[in-house]
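The data block below is target21.cif; it holds mmCIF, C-alpha atoms.
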data_model
#
loop_
_atom_site.label_atom_id
_atom_site.label_comp_id
_atom_site.auth_asym_id
_atom_site.auth_seq_id
_atom_site.Cartn_x
_atom_site.Cartn_y
_atom_site.Cartn_z
CA MET A 18 11.74 -40.79 23.16
CA GLU A 19 12.51 -37.88 25.49
CA THR A 20 9.68 -35.44 26.15
CA SER A 21 10.13 -31.74 26.84
CA TRP A 22 9.44 -32.47 30.49
CA SER A 23 12.03 -35.25 30.69
CA LYS A 24 14.62 -33.00 29.01
CA PHE A 25 13.88 -30.33 31.62
CA LEU A 26 14.41 -32.86 34.41
CA LEU A 27 17.72 -33.98 32.88
CA PHE A 28 19.05 -30.53 32.13
CA GLY A 29 17.10 -27.92 34.05
CA LEU A 30 17.13 -29.19 37.62
CA SER A 31 20.84 -28.64 38.13
CA ALA A 32 22.46 -25.59 39.64
CA CYS A 33 25.10 -23.40 38.04
CA PRO A 34 28.44 -25.02 39.02
CA GLY A 35 29.90 -21.57 39.59
CA CYS A 36 27.47 -20.09 42.12
CA GLY A 37 24.61 -22.55 42.70
CA SER A 38 21.96 -20.49 40.89
CA TYR A 39 19.18 -22.42 39.16
CA TRP A 40 18.91 -19.72 36.46
CA ARG A 41 21.56 -21.27 34.31
CA GLN A 42 22.03 -21.21 30.54
CA GLU A 43 22.81 -23.87 27.94
CA GLY A 44 26.51 -23.81 28.81
CA LEU A 45 25.63 -24.90 32.40
CA LEU A 46 26.67 -21.55 33.93
CA CYS A 47 24.29 -18.75 34.88
CA ALA A 48 24.55 -15.50 32.92
CA THR A 49 26.58 -13.81 35.69
CA CYS A 50 29.18 -16.58 36.00
CA GLU A 51 29.55 -16.87 32.24
CA ALA A 52 30.08 -13.10 32.02
CA ILE A 53 32.79 -13.35 34.69
CA LEU A 54 34.43 -16.25 32.86
CA SER A 55 34.24 -14.47 29.49
CA VAL A 56 37.36 -12.43 30.32
CA LYS A 57 39.35 -15.69 30.16
CA MET A 58 38.03 -16.68 26.73
CA ALA A 59 40.46 -16.08 23.89
CA ALA A 60 41.80 -17.60 20.67
CA HIS A 61 44.76 -19.37 22.25
CA VAL A 62 47.15 -20.96 19.73
CA GLU A 63 50.39 -22.67 20.71
CA LYS A 64 52.71 -25.54 19.87
CA VAL A 65 52.66 -28.53 22.23
CA GLU A 66 55.13 -31.33 21.47
CA GLY A 67 55.45 -29.84 17.98
CA LEU A 68 51.70 -29.91 17.24
CA THR A 69 49.35 -26.94 16.82
CA VAL A 70 46.86 -26.60 19.67
CA ARG A 71 43.88 -24.23 19.63
CA SER A 72 41.93 -23.67 22.84
CA LEU A 73 39.31 -21.39 24.34
CA PHE A 74 40.79 -21.32 27.84
CA GLN A 75 44.20 -21.57 29.49
CA TRP A 76 43.48 -23.49 32.69
CA GLU A 77 45.42 -24.18 35.84
CA PRO A 78 43.35 -25.78 38.63
CA GLY A 79 43.17 -23.37 41.53
CA GLU A 80 43.34 -20.23 39.40
CA SER A 81 39.61 -19.98 38.63
CA ASP A 82 36.89 -21.62 40.72
CA ILE A 83 34.26 -21.04 38.03
CA LEU A 84 36.30 -22.61 35.23
CA SER A 85 37.40 -25.54 37.41
CA HIS A 86 33.84 -26.36 38.47
CA LEU A 87 32.54 -25.90 34.91
CA ILE A 88 35.05 -28.43 33.57
CA LEU A 89 34.00 -30.93 36.24
CA ALA A 90 30.31 -30.37 35.48
CA LEU A 91 30.80 -30.78 31.72
CA LYS A 92 32.04 -34.33 32.29
CA GLY A 93 28.61 -35.37 33.59
CA PRO A 94 25.89 -37.14 31.58
CA HIS A 95 23.48 -35.44 29.15
CA ARG A 96 25.87 -32.59 28.34
CA ALA A 97 25.71 -32.51 24.52
CA ARG A 98 23.86 -29.15 24.47
CA ALA A 99 26.38 -27.65 26.86
CA TRP A 100 29.34 -28.85 24.80
CA ARG A 101 27.78 -27.36 21.66
CA HIS A 102 27.41 -24.04 23.51
CA TRP A 103 31.13 -23.97 24.30
CA ALA A 104 31.98 -25.13 20.77
CA LEU A 105 30.10 -22.03 19.58
CA GLN A 106 32.18 -19.85 21.90
CA PHE A 107 35.33 -21.48 20.52
CA ALA A 108 34.16 -20.74 16.95
CA ARG A 109 33.40 -17.09 17.77
CA HIS A 110 36.75 -16.43 19.38
CA HIS A 111 38.80 -18.25 16.73
CA GLU A 112 36.82 -16.80 13.82
CA GLY A 113 39.14 -15.65 11.06
CA HIS A 114 42.09 -17.58 12.49
CA LEU A 115 41.12 -21.17 11.65
CA PRO A 116 42.64 -23.10 8.73
CA SER A 117 40.56 -23.51 5.58
CA GLY A 118 40.06 -26.66 3.57
CA ALA A 119 38.40 -30.05 3.92
CA TRP A 120 39.53 -30.92 7.44
CA GLN A 121 38.02 -33.92 9.20
CA VAL A 122 37.37 -34.13 12.92
CA LEU A 123 37.97 -37.14 15.14
CA SER A 124 37.42 -37.26 18.88
CA ALA A 125 40.15 -38.07 21.37
CA PRO A 126 40.62 -41.75 22.29
CA SER A 127 38.84 -43.11 25.33
CA SER A 128 39.72 -46.03 27.59
CA LYS A 129 36.03 -46.74 28.27
CA LYS A 130 34.88 -50.21 27.29
CA THR A 131 31.36 -49.09 26.42
CA LYS A 132 30.53 -48.05 22.88
CA GLY A 133 28.56 -45.00 23.98
CA ARG A 134 29.49 -41.39 23.34
CA ASP A 135 31.56 -39.38 25.77
CA HIS A 136 32.27 -35.67 26.22
CA ALA A 137 35.04 -35.64 23.57
CA ASP A 138 32.47 -36.88 21.04
CA SER A 139 29.99 -34.15 21.99
CA TRP A 140 32.72 -31.50 21.76
CA GLY A 141 34.01 -32.81 18.43
CA GLU A 142 30.58 -33.12 16.88
CA GLY A 143 29.73 -29.56 17.94
CA LEU A 144 32.94 -28.21 16.41
CA ALA A 145 32.47 -30.15 13.17
CA ASP A 146 28.86 -29.07 12.77
CA LEU A 147 29.57 -25.38 13.42
CA HIS A 148 32.46 -25.33 10.93
CA GLY A 149 30.83 -27.50 8.27
CA LEU A 150 33.39 -30.29 8.68
CA ARG A 151 33.03 -34.05 8.57
CA PHE A 152 32.92 -35.74 11.98
CA GLU A 153 34.51 -39.19 12.06
CA GLY A 154 33.97 -39.95 15.76
CA LYS A 155 36.50 -42.15 17.52
CA LEU A 156 38.99 -43.89 15.25
CA PHE A 157 41.20 -45.09 18.12
CA GLY A 158 40.75 -46.39 21.65
CA ARG A 159 43.14 -46.47 24.56
CA PRO A 160 43.76 -49.87 26.16
CA GLY A 161 43.99 -50.15 29.91
CA GLY A 162 42.85 -47.64 32.50
CA SER A 163 42.38 -43.89 32.45
CA HIS A 164 45.33 -41.50 32.26
CA ARG A 165 43.70 -39.13 34.74
CA PHE A 166 45.97 -40.06 37.65
CA LEU A 167 49.26 -40.26 35.77
CA ASN A 168 51.97 -37.64 36.05
CA ARG A 169 53.67 -36.15 32.99
CA ASP A 170 56.43 -38.77 32.65
CA ARG A 171 54.01 -41.68 32.75
CA ARG A 172 51.57 -39.98 30.38
CA MET A 173 54.36 -39.69 27.82
CA LYS A 174 55.08 -43.43 28.07
CA GLU A 175 51.52 -44.79 28.17
CA HIS A 176 50.46 -43.88 24.64
CA GLY A 177 49.52 -47.16 22.92
CA LEU A 178 46.29 -46.99 20.88
CA VAL A 179 43.89 -49.54 19.42
CA LYS A 180 42.24 -48.95 16.01
CA LEU A 181 38.43 -49.04 16.32
CA THR A 182 37.50 -49.05 12.62
CA GLU A 183 38.21 -51.32 9.68
CA SER A 184 38.60 -48.37 7.32
CA PRO A 185 42.18 -47.63 6.23
CA VAL A 186 43.81 -44.50 7.61
CA ASN A 187 44.47 -41.85 4.97
CA ARG A 188 47.56 -39.87 5.94
CA HIS A 189 46.90 -37.36 3.15
CA ARG A 190 43.78 -36.03 4.86
CA ALA A 191 43.82 -32.97 7.11
CA TRP A 192 42.84 -33.97 10.64
CA ILE A 193 41.58 -32.17 13.74
CA MET A 194 41.58 -34.06 17.03
CA ALA A 195 38.86 -32.76 19.35
CA ASP A 196 39.61 -33.09 23.05
CA ASP A 197 38.10 -31.44 26.10
CA ILE A 198 41.33 -30.84 28.03
CA LEU A 199 44.88 -31.02 26.67
CA THR A 200 47.68 -31.41 29.20
CA THR A 201 51.00 -32.88 28.07
CA GLY A 202 50.03 -33.64 24.48
CA ALA A 203 50.94 -37.34 24.86
CA THR A 204 47.56 -38.58 23.59
CA ALA A 205 47.63 -36.15 20.68
CA GLN A 206 51.11 -37.38 19.73
CA ALA A 207 49.88 -40.98 19.84
CA VAL A 208 46.96 -40.15 17.54
CA TYR A 209 49.27 -38.21 15.20
CA ARG A 210 51.54 -41.25 14.88
CA ALA A 211 48.58 -43.62 14.48
CA LEU A 212 47.37 -41.45 11.57
CA GLN A 213 50.83 -41.94 9.99
CA ARG A 214 51.96 -38.37 10.71
CA PRO A 215 49.69 -36.44 8.34
CA LYS A 216 50.98 -33.15 6.96
CA HIS A 217 48.02 -31.23 8.43
CA PHE A 218 47.07 -32.09 12.02
CA GLU A 219 45.75 -29.87 14.83
CA ILE A 220 44.18 -30.26 18.27
CA TRP A 221 41.11 -28.19 19.15
CA CYS A 222 40.29 -28.27 22.85
CA LEU A 223 38.11 -26.45 25.33
CA ALA A 224 41.03 -25.82 27.69
CA ARG A 225 44.78 -26.19 27.66
CA ARG A 226 45.86 -27.29 31.11
CA THR A 227 49.15 -25.59 31.80
CA HIS A 228 50.37 -27.43 34.88
CA ILE A 229 50.36 -30.88 36.50
CA SER A 230 51.38 -30.61 40.12
CA CYS A 231 51.61 -34.32 40.99
CA ALA A 232 50.48 -37.79 39.95
CA ALA A 233 47.22 -37.36 41.84
CA SER A 234 46.43 -33.99 40.30
CA GLY A 235 43.78 -35.54 38.09
CA SER A 236 41.55 -35.94 41.14
CA MET A 237 42.01 -32.37 42.44
CA LEU A 238 38.60 -31.14 41.34
CA ARG A 239 36.61 -33.98 42.83
CA LEU A 240 38.66 -34.00 46.03
CA GLY A 241 38.07 -30.28 46.45
CA GLU A 242 34.34 -30.62 45.85
CA LEU A 243 33.95 -33.51 48.30
CA LYS A 244 35.97 -31.89 51.10
CA GLY A 245 35.01 -28.28 50.53
CA PHE A 246 38.45 -27.03 49.51
CA GLN A 247 38.66 -23.84 47.49
CA ILE A 248 40.20 -24.95 44.23
#
Translate the structure of the given file into structure tokens.
Amino acid sequence: METSWSKFLLFGLSACPGCGSYWRQEGLLCATCEAILSVKMAAHVEKVEGLTVRSLFQWEPGESDILSHLILALKGPHRARAWRHWALQFARHHEGHLPSGAWQVLSAPSSKKTKGRDHADSWGEGLADLHGLRFEGKLFGRPGGSHRFLNRDRRMKEHGLVKLTESPVNRHRAWIMADDILTTGATAQAVYRALQRPKHFEIWCLARRTHISCAASGSMLRLGELKGFQI
């Protein structure tokens, strides 16, 4: 069982990814960096590949250092509290604009072979809890490797999914797929088809990535951090 001290070591001894300050908040950023980033928060709603996408940020790597480094930091371990913080920001900005009814939340598929939780699970659970919705976790997995380094054309082709549960899929339910970053919408389309094209289906994500520059663009953040590039 984690003690208060161990939780502090896991969460507290890390600097703000935006400026390096150790006076950071639950969302990983310090108060100053989060205030700067707040001007980019909004209730973004758009159609991607015919599906409704709701996001808190519109993100293009290189446009905002703080947002880029935050997204990288959120993919680290022990980030459930941070994801819940940003789920709360999503709820506040989309308040009054979200659909009503008995929606159910599933997290985006992962290609990881381990059965542990990942950041999409933490994001989805936070969203479901804040909106009083049922969280189903991962219903589908993605065979093979990660899609991080694929360009748009290959992402659209590599969309096969594996069902992770024995329970039958009910296409008459209203579904929300929770994902941290949405780029081309290929994964969301694969999940939509795997759910037998339900009448009500949306994607709720932290950020909608608006541009893929090349096949290696998935590694831009880490490359920039390792080599000191301003990204």
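Atom to atom, CA of Leu45 in chain A and CA of Ser81 in chain A stand 16.1 Å apart.
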Residues near Ile220 in chain A, cut-off 9 Å, all atoms listed in the file, skip fewer than 3 positions along chain, as a VMD selection string: chain A and resid 68 to 72 192 to 196 199 205
Contacts of Arg98 in chain A at 9 Å or less, counting all atoms listed in the file, minus same-chain residues fewer than 3 places along, as a ChimeraX atom specification? /A:43-44,95,101-103,139,143
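Once Gly67 in chain A and its same-chain neighbours fewer than 4 positions away are set aside, A:Glu63, A:Thr201, A:Gly202, A:Ala203, A:Ala205, A:Gln206, A:Tyr209, A:Arg214, A:Phe218, A:Glu219, A:Ile220 remain within 12 Å of it when counting all atoms listed in the file.
Distances here use all atoms listed in the file; by that measure, the residue among A:Ala32, A:Ala104, A:Ala191, A:Ala125 closest to Leu73 in chain A is A:Ala104.
CA of Ser184 in chain A is positioned 23.5 Å from CA of Trp221 in chain A.
In this structure, CA of Phe74 in chain A sits 25.9 Å away from CA of Leu156 in chain A.
Selection check: the PyMOL selection byres ((chain A and resi 189) around 9) on the shown file gives Val186, Asn187, Arg188, Arg190, Ala191, Pro215, Lys216 and His217 of chain A.
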What would the selection look like, as number ranges by chain, if the PyMOL selection byres ((chain A and resi 154) around 8) were run on the coordinates I just shared? A: 122-124, 138, 141-142, 152-153, 155-156
Answer key for the PyMOL selection byres ((chain A and resi 37) around 12), residues as a PyMOL selection string: chain A and resi 30-36+38-41+45-47+49-50+83+86-87
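Using all atoms listed in the file, the nearest neighbour of Gln106 in chain A within the list A:Leu223, A:Ile198, A:Ala211, A:Val65 is A:Leu223.
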Among listed residues A:Arg210, A:Lys57, A:Arg159, A:Arg225, nearest Pro126 in chain A (using only C-alpha atoms): A:Arg159
Given the choices A:Ser85, A:Trp140, A:Ala60, A:Val208, which gets closest to Leu178 in chain A if the distance is worked out from only C-alpha atoms? A:Val208
